[in-house]
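Report on one structure; see the data block that follows.
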Number of protein chains: 2
Amino acid sequence: MNNYSKTHVAADAQRTELHDTLSLTGAEVSVNTMAAGTEIPFFHSHKENEEIYFIVSGRGYMEIDGEKVELEAGDWLRVAPQASRKLHATTDMTSVCIQVKAGSLTQWTMTDAVL
Amino acid sequence: MNNYSKTHVAADAQRTELHDTLSLTGAEVSVNTMAAGTEIPFFHSHKENEEIYFIVSGRGYMEIDGEKVELEAGDWLRVAPQASRKLHATTDMTSVCIQVKAGSLTQWTMTDAVL
């Protein structure tokens, strides 16, 4: 496998999945743009993956286990695998969703880096 | 552990690490804003972590194993653990760096989701 891979996601792309494009081995990443007033049409949870959401632009909210969590540009949200979740866009909203295996990270930054 | 955790990263924050703040267990995520003309002052590689970079705004480049890889807003970059890398900002640049353990993801999206 190459030492790096790169791609570009256009600002108006509706949904882009990066796992295969970038040959990721430790995460799936998707970039999603939703129109104002729309929602993901179902609740879902995960078997083993933690999800990390980043709101790039716009505003919306996540329903998590019956709670409404407001989201705006600059917000970061971790959702545990077993939590039931559904994302709503209040305005046009672009978000990043990172899926990683819960409990998989064993060391990072200063302990994993080699200078 | 809670079913979710949330934080906000201000647009003018210089460096924010999210692992502890969000109680992440499968990734370390940092958000970094660099001034035009600055660079990370050293090359580094990783023992076991894959890095995924997202350029949120601005423009710069990554030196990877002697190659210059241009970066602009909307770009996504995967860097293999063993690659030697150094990030440069050409303009003011905000980027996200996601560290995950290489090879840790075993299933995702349709196979990991429960509807």
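Residue numbering restarts at 1 in every chain; chains get A, B, ... in the order shown in the structure tokens, and ligands count up from 1 in that same order.
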Q.
At a cut-off of 6 Å, which residues of chain B touch chain A? Count only C-alpha atoms and give the answer as number ranges by chain.
A. B: 3-9, 25-27, 44-47, 74-80, 83, 100-105, 112-115
Only C-alpha atoms, please: the residues just picked out, written as a PDB file, in the first residue's frame.
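Contents of result-v5.pdb, as written:
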ATOM      1  CA  ASN B   3     -24.193   7.432  25.250  1.00  0.00           C
ATOM      2  CA  TYR B   4     -22.830  10.675  23.803  1.00  0.00           C
ATOM      3  CA  SER B   5     -20.484  13.585  24.487  1.00  0.00           C
ATOM      4  CA  LYS B   6     -20.237  16.934  22.722  1.00  0.00           C
ATOM      5  CA  THR B   7     -17.862  19.885  22.507  1.00  0.00           C
ATOM      6  CA  HIS B   8     -17.387  23.009  20.411  1.00  0.00           C
ATOM      7  CA  VAL B   9     -14.127  24.099  18.784  1.00  0.00           C
ATOM      8  CA  THR B  25     -11.948   5.136  22.509  1.00  0.00           C
ATOM      9  CA  GLY B  26     -11.217   4.481  18.828  1.00  0.00           C
ATOM     10  CA  ALA B  27      -9.481   7.654  17.652  1.00  0.00           C
ATOM     11  CA  HIS B  44       7.329  12.575  12.358  1.00  0.00           C
ATOM     12  CA  SER B  45       6.035   9.092  11.649  1.00  0.00           C
ATOM     13  CA  HIS B  46       3.903   6.712  13.727  1.00  0.00           C
ATOM     14  CA  LYS B  47       4.395   3.330  15.339  1.00  0.00           C
ATOM     15  CA  GLY B  74     -12.033  20.071   0.894  1.00  0.00           C
ATOM     16  CA  ASP B  75      -9.018  17.781   0.561  1.00  0.00           C
ATOM     17  CA  TRP B  76      -8.725  14.525   2.516  1.00  0.00           C
ATOM     18  CA  LEU B  77      -5.381  12.794   2.948  1.00  0.00           C
ATOM     19  CA  ARG B  78      -4.474   9.391   4.390  1.00  0.00           C
ATOM     20  CA  VAL B  79      -0.879   8.955   5.597  1.00  0.00           C
ATOM     21  CA  ALA B  80       0.458   5.477   6.397  1.00  0.00           C
ATOM     22  CA  ALA B  83       5.629   7.634   6.318  1.00  0.00           C
ATOM     23  CA  VAL B 100      -6.646   5.590  14.253  1.00  0.00           C
ATOM     24  CA  LYS B 101      -4.893   2.267  14.744  1.00  0.00           C
ATOM     25  CA  ALA B 102      -3.989   0.895  11.303  1.00  0.00           C
ATOM     26  CA  GLY B 103      -5.950  -2.249  10.484  1.00  0.00           C
ATOM     27  CA  SER B 104      -8.358  -1.826  13.399  1.00  0.00           C
ATOM     28  CA  LEU B 105     -11.622  -1.378  11.470  1.00  0.00           C
ATOM     29  CA  ASP B 112     -21.944  -2.624  11.472  1.00  0.00           C
ATOM     30  CA  ALA B 113     -25.259  -0.748  11.588  1.00  0.00           C
ATOM     31  CA  VAL B 114     -28.400  -1.983  13.318  1.00  0.00           C
ATOM     32  CA  LEU B 115     -31.602  -0.392  11.963  1.00  0.00           C
TER      33      LEU B 115
END
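All residues of protein, DNA or RNA that reach within 9 Å of Gly37 of chain B, judged by only C-alpha atoms and not counting those fewer than 2 positions away in the chain, are Met34, Ala35, Glu39, Gly60, His88, Ala89, Thr90, Thr91 and Asp92 of chain B.
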Save out the residues we just selected, N, CA and C atoms, as a PDB file, in the first residue's frame.
ATOM      1  N   MET B  34      -3.158  26.946  11.666  1.00  0.00           N
ATOM      2  CA  MET B  34      -1.786  27.409  11.487  1.00  0.00           C
ATOM      3  C   MET B  34      -1.808  28.727  10.713  1.00  0.00           C
ATOM      4  N   ALA B  35      -0.914  29.636  11.079  1.00  0.00           N
ATOM      5  CA  ALA B  35      -0.821  30.915  10.378  1.00  0.00           C
ATOM      6  C   ALA B  35      -0.091  30.725   9.047  1.00  0.00           C
ATOM      7  N   GLU B  39       4.941  26.163   9.727  1.00  0.00           N
ATOM      8  CA  GLU B  39       5.012  24.716   9.507  1.00  0.00           C
ATOM      9  C   GLU B  39       5.145  24.022  10.853  1.00  0.00           C
ATOM     10  N   GLY B  60      -2.217  24.670   1.903  1.00  0.00           N
ATOM     11  CA  GLY B  60      -0.884  24.358   2.384  1.00  0.00           C
ATOM     12  C   GLY B  60      -0.326  23.152   1.643  1.00  0.00           C
ATOM     13  N   HIS B  88       2.754  22.057   6.251  1.00  0.00           N
ATOM     14  CA  HIS B  88       3.050  23.480   6.042  1.00  0.00           C
ATOM     15  C   HIS B  88       1.754  24.213   5.694  1.00  0.00           C
ATOM     16  N   ALA B  89       1.608  25.427   6.208  1.00  0.00           N
ATOM     17  CA  ALA B  89       0.471  26.282   5.845  1.00  0.00           C
ATOM     18  C   ALA B  89       0.955  27.358   4.883  1.00  0.00           C
ATOM     19  N   THR B  90       0.325  27.438   3.716  1.00  0.00           N
ATOM     20  CA  THR B  90       0.666  28.484   2.746  1.00  0.00           C
ATOM     21  C   THR B  90      -0.131  29.741   3.067  1.00  0.00           C
ATOM     22  N   THR B  91      -1.424  29.578   3.262  1.00  0.00           N
ATOM     23  CA  THR B  91      -2.290  30.638   3.797  1.00  0.00           C
ATOM     24  C   THR B  91      -2.612  30.241   5.241  1.00  0.00           C
ATOM     25  N   ASP B  92      -3.350  31.086   5.970  1.00  0.00           N
ATOM     26  CA  ASP B  92      -3.926  30.603   7.226  1.00  0.00           C
ATOM     27  C   ASP B  92      -4.710  29.331   6.894  1.00  0.00           C
TER      28      ASP B  92
END
Return as a compact mmCIF listing (two decimals) with C-alpha atoms, in the first residue's frame the full set of residues in chain A whose backbone-based DSSP assignment is alpha helix (DSSP H).
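Printed below is selection-v7.txt as written:
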# COMPACT_ATOMS: atom_id res chain seq x y z
CA HIS A 19 -12.88 4.24 3.08
CA ASP A 20 -12.26 2.70 -0.34
CA THR A 21 -11.12 5.91 -2.06
CA LEU A 22 -8.36 6.53 0.51
